[in-house]
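K.L.:
My questions all concern the structure below.
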Amino acid sequence: MFKNKGFTIVEAIIVTAVLAAVTVMAFPNFVQFFQMQEETMEESAMSEIKRALEAYADENNSLPPAATWVSDLAPYASLSENAIEFDQWEQARAYHVISETVTYRSASVVVDYAVVYGHGIERGLGSSGVAVNLPASLTTVTAYATLQPEFGDYMVKYTNYKQQIKNYELTEQRLKDISSALASYATTRFNEAVVAGVPANPEEFIYYPPTDDTALADPDTANYSTAVTGDLDTIAGSANYVLSADPADDVQRRTDMIILMRFLGLPDNYCCSALDVNETPFFYYSNPMPRQGAGCGTRPGSTDRKLPPRIRVTDDSCG
């Protein structure tokens, strides 16, 4: 019978050496696997941050300020505030945002540009072994356009330019539709005046819905319609020239504009501009003053020829 013997010293050394060699060969693969996993998670997080920026801009018509960008984005992302602020290697991400007024169709449109920058797997060390500093600031649109990540770092850039242009075009379309509805109303009322023979000189009047604060005080389209149809002279009267008694009162002007939109058969949201998050209501002037050089002329009286009404995004000094 053979006697049970263990490994000899030589055999143990050989086995240990083989295991050590296998471990040495396999270790880089293990490290690479975990690094790739971290990089994949970082790419996913940055994609989610960009999606959150888009969602925030869509709802707020702007991008979050640098001071509160983490907490502002959190409701729009499937990430915690900590996961937004710090990357997979516990390094703080850098966030910069700037605004620029661009000219589009002769109009000024405010556009935001933002960048989120994070260290890569090397945790801020470049291939040369020197520290890679995140951008300290973002000062110009040119810098935004040319900014690129270094040494495998991560970066997402987002601008709401297309969205703001879309909002401008939406606002422009609303104004065109309102103008068309007003022109249609004016034609109908002129024809009615010609048939009725009242007033005797209908061609000297421009028939547009008046800015009658008494009628508009009651948010009822029927009441406003009664006020309009009850007295043609009201339409051309010198007293009714601005939609709300106080042009700075956005709340009252919004109510008044909604009533006017319903009277014209337009959607309620046509009351307002789409260029800002508050959707500021338009300014409507039924009997504007003529412009004379840098100033304004005398507002037409009840027997004077009238100018077409004005509807604007901003207040008009000659309104």
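Chain identifiers are assigned as A, B, and so on, following the order in which chains appear in the structure tokens; residues are numbered from 1 within each chain, and ligands are numbered from 1 in order of appearance.
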Excluding Glu42 (chain A) and any residue of its chain fewer than 5 positions from it, enumerate the residues within 12 Å of it, using only C-alpha atoms, and give them as a list in words.

P.N.:
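Contacts, with the query itself left out: Gln35, Met36, Gln37, Ser47, Glu48, Ile49, Leu79, Ala83, Ile84, Phe86, Asp87, Gln88, Trp89, Glu90, Gln91, Arg93, Tyr117, Gly118, His119, Gly120, Ile121, Gly152, Asp153, Tyr154, Met155 and Val156 of chain A.
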
K.L.:
So that I can see what lies close to Tyr185 (chain A), please list as an MDAnalysis selection string the residues with an atom at most 9 Å from it, counting only C-alpha atoms and leaving out residues fewer than 4 positions away in the same chain.

P.N.:
chainID A and resid 180:181 189:190 207:209 264

K.L.:
Write out as a ChimeraX atom specification the set of residues from region 23-182 of chain A that DSSP, computed on the backbone, places in strand (DSSP E or B).

P.N.:
/A:86,92,94-104,107-118,125,131,154-159

K.L.:
Could you take the residues named above and write them with N, CA and C atoms, as a short mmCIF file (atom, residue, chain, number, x, y, z; two decimals), in the first residue's frame?

P.N.:
```cif
data_model
loop_
_atom_site.label_atom_id
_atom_site.label_comp_id
_atom_site.auth_asym_id
_atom_site.auth_seq_id
_atom_site.Cartn_x
_atom_site.Cartn_y
_atom_site.Cartn_z
N PHE A 86 -21.26 64.99 -8.62
CA PHE A 86 -19.99 64.27 -8.62
C PHE A 86 -20.00 63.13 -9.63
N ALA A 92 -15.84 66.50 -8.44
CA ALA A 92 -16.94 67.43 -8.72
C ALA A 92 -16.94 67.82 -10.19
N ALA A 94 -17.80 70.34 -13.29
CA ALA A 94 -17.85 71.79 -13.47
C ALA A 94 -19.03 72.13 -14.37
N TYR A 95 -19.76 73.19 -14.02
CA TYR A 95 -20.90 73.64 -14.82
C TYR A 95 -20.76 75.14 -15.07
N HIS A 96 -20.89 75.52 -16.32
CA HIS A 96 -20.84 76.94 -16.68
C HIS A 96 -21.98 77.25 -17.64
N VAL A 97 -22.54 78.43 -17.52
CA VAL A 97 -23.61 78.85 -18.41
C VAL A 97 -23.46 80.33 -18.72
N ILE A 98 -23.70 80.70 -19.97
CA ILE A 98 -23.68 82.10 -20.38
C ILE A 98 -24.90 82.37 -21.23
N SER A 99 -25.27 83.63 -21.31
CA SER A 99 -26.40 84.05 -22.15
C SER A 99 -25.90 85.05 -23.17
N GLU A 100 -26.50 85.01 -24.34
CA GLU A 100 -26.14 85.95 -25.40
C GLU A 100 -27.40 86.35 -26.15
N THR A 101 -27.49 87.62 -26.49
CA THR A 101 -28.61 88.10 -27.28
C THR A 101 -28.23 88.01 -28.76
N VAL A 102 -28.98 87.21 -29.49
CA VAL A 102 -28.71 87.03 -30.92
C VAL A 102 -29.82 87.71 -31.72
N THR A 103 -29.49 88.08 -32.94
CA THR A 103 -30.46 88.72 -33.82
C THR A 103 -31.05 87.68 -34.76
N TYR A 104 -32.37 87.63 -34.76
CA TYR A 104 -33.08 86.69 -35.64
C TYR A 104 -34.25 87.43 -36.26
N ALA A 107 -35.00 90.72 -34.90
CA ALA A 107 -35.45 90.75 -33.51
C ALA A 107 -34.34 90.22 -32.60
N SER A 108 -34.36 90.63 -31.35
CA SER A 108 -33.37 90.19 -30.37
C SER A 108 -33.93 89.00 -29.58
N VAL A 109 -33.17 87.91 -29.57
CA VAL A 109 -33.58 86.70 -28.87
C VAL A 109 -32.46 86.30 -27.91
N VAL A 110 -32.81 86.06 -26.64
CA VAL A 110 -31.83 85.67 -25.64
C VAL A 110 -31.64 84.15 -25.68
N VAL A 111 -30.38 83.72 -25.84
CA VAL A 111 -30.06 82.30 -25.95
C VAL A 111 -29.05 81.93 -24.85
N ASP A 112 -29.23 80.76 -24.25
CA ASP A 112 -28.32 80.27 -23.21
C ASP A 112 -27.42 79.17 -23.77
N TYR A 113 -26.19 79.13 -23.25
CA TYR A 113 -25.22 78.09 -23.62
C TYR A 113 -24.63 77.52 -22.32
N ALA A 114 -24.66 76.20 -22.18
CA ALA A 114 -24.16 75.57 -20.95
C ALA A 114 -23.22 74.42 -21.28
N VAL A 115 -22.28 74.18 -20.36
CA VAL A 115 -21.37 73.05 -20.50
C VAL A 115 -21.20 72.40 -19.13
N VAL A 116 -21.24 71.07 -19.11
CA VAL A 116 -20.95 70.29 -17.90
C VAL A 116 -19.70 69.48 -18.20
N TYR A 117 -18.69 69.63 -17.35
CA TYR A 117 -17.38 69.04 -17.62
C TYR A 117 -16.97 68.19 -16.42
N GLY A 118 -16.51 66.95 -16.69
CA GLY A 118 -16.09 66.06 -15.61
C GLY A 118 -14.78 65.37 -15.92
N LEU A 125 -5.51 63.55 -14.33
CA LEU A 125 -4.11 63.48 -14.76
C LEU A 125 -4.05 63.17 -16.25
N ALA A 131 -1.54 67.69 -14.21
CA ALA A 131 -2.95 67.86 -13.87
C ALA A 131 -3.71 68.49 -15.02
N TYR A 154 -14.88 63.92 -19.65
CA TYR A 154 -16.24 63.86 -20.14
C TYR A 154 -16.85 65.26 -20.19
N MET A 155 -17.64 65.51 -21.23
CA MET A 155 -18.23 66.84 -21.36
C MET A 155 -19.53 66.73 -22.16
N VAL A 156 -20.54 67.49 -21.72
CA VAL A 156 -21.75 67.66 -22.52
C VAL A 156 -21.99 69.15 -22.67
N LYS A 157 -22.43 69.53 -23.86
CA LYS A 157 -22.76 70.92 -24.13
C LYS A 157 -24.21 70.99 -24.60
N TYR A 158 -24.87 72.06 -24.20
CA TYR A 158 -26.27 72.21 -24.62
C TYR A 158 -26.60 73.70 -24.75
N THR A 159 -27.30 74.04 -25.80
CA THR A 159 -27.81 75.39 -25.99
C THR A 159 -29.28 75.32 -26.35
#
```

K.L.:
Could you please determine the separation between CA of Arg312 (chain A) and CA of Glu169 (chain A) in Å, to one decimal place?

P.N.:
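Between these atoms lies a distance of 14.5 Å.
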
K.L.:
Looking at A:Pro202, A:Pro309, A:Pro75, A:Gly265, which one is nearest to Met289 (chain A), with distances taken over only C-alpha atoms?

P.N.:
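Answer, going by the shortest atom-to-atom distance: A:Pro309.
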
K.L.:
Which of these, A:Ala57, A:Leu182, A:Leu275, A:Leu307, has the shortest distance to Ile165 (chain A) once you count only C-alpha atoms?

P.N.:
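Smallest separation from Ile165 (chain A) among the options: A:Leu275.
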
K.L.:
Between CA of Met261 (chain A) and CA of Glu279 (chain A), what is the distance, to one decimal in Å?

P.N.:
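Those two atoms sit 15.0 Å apart.
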
K.L.:
Which one is closest to Val251 (chain A): A:Leu170, A:Cys272, A:Leu73, A:Val277? Count only C-alpha atoms.

P.N.:
A:Cys272

K.L.:
My list of candidates is A:Asn61, A:Ala66, A:Glu85, A:Arg253. Which is closest to Met46 (chain A) when distances are computed with only C-alpha atoms?

P.N.:
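Result for the nearest residue to Met46 (chain A): A:Glu85.
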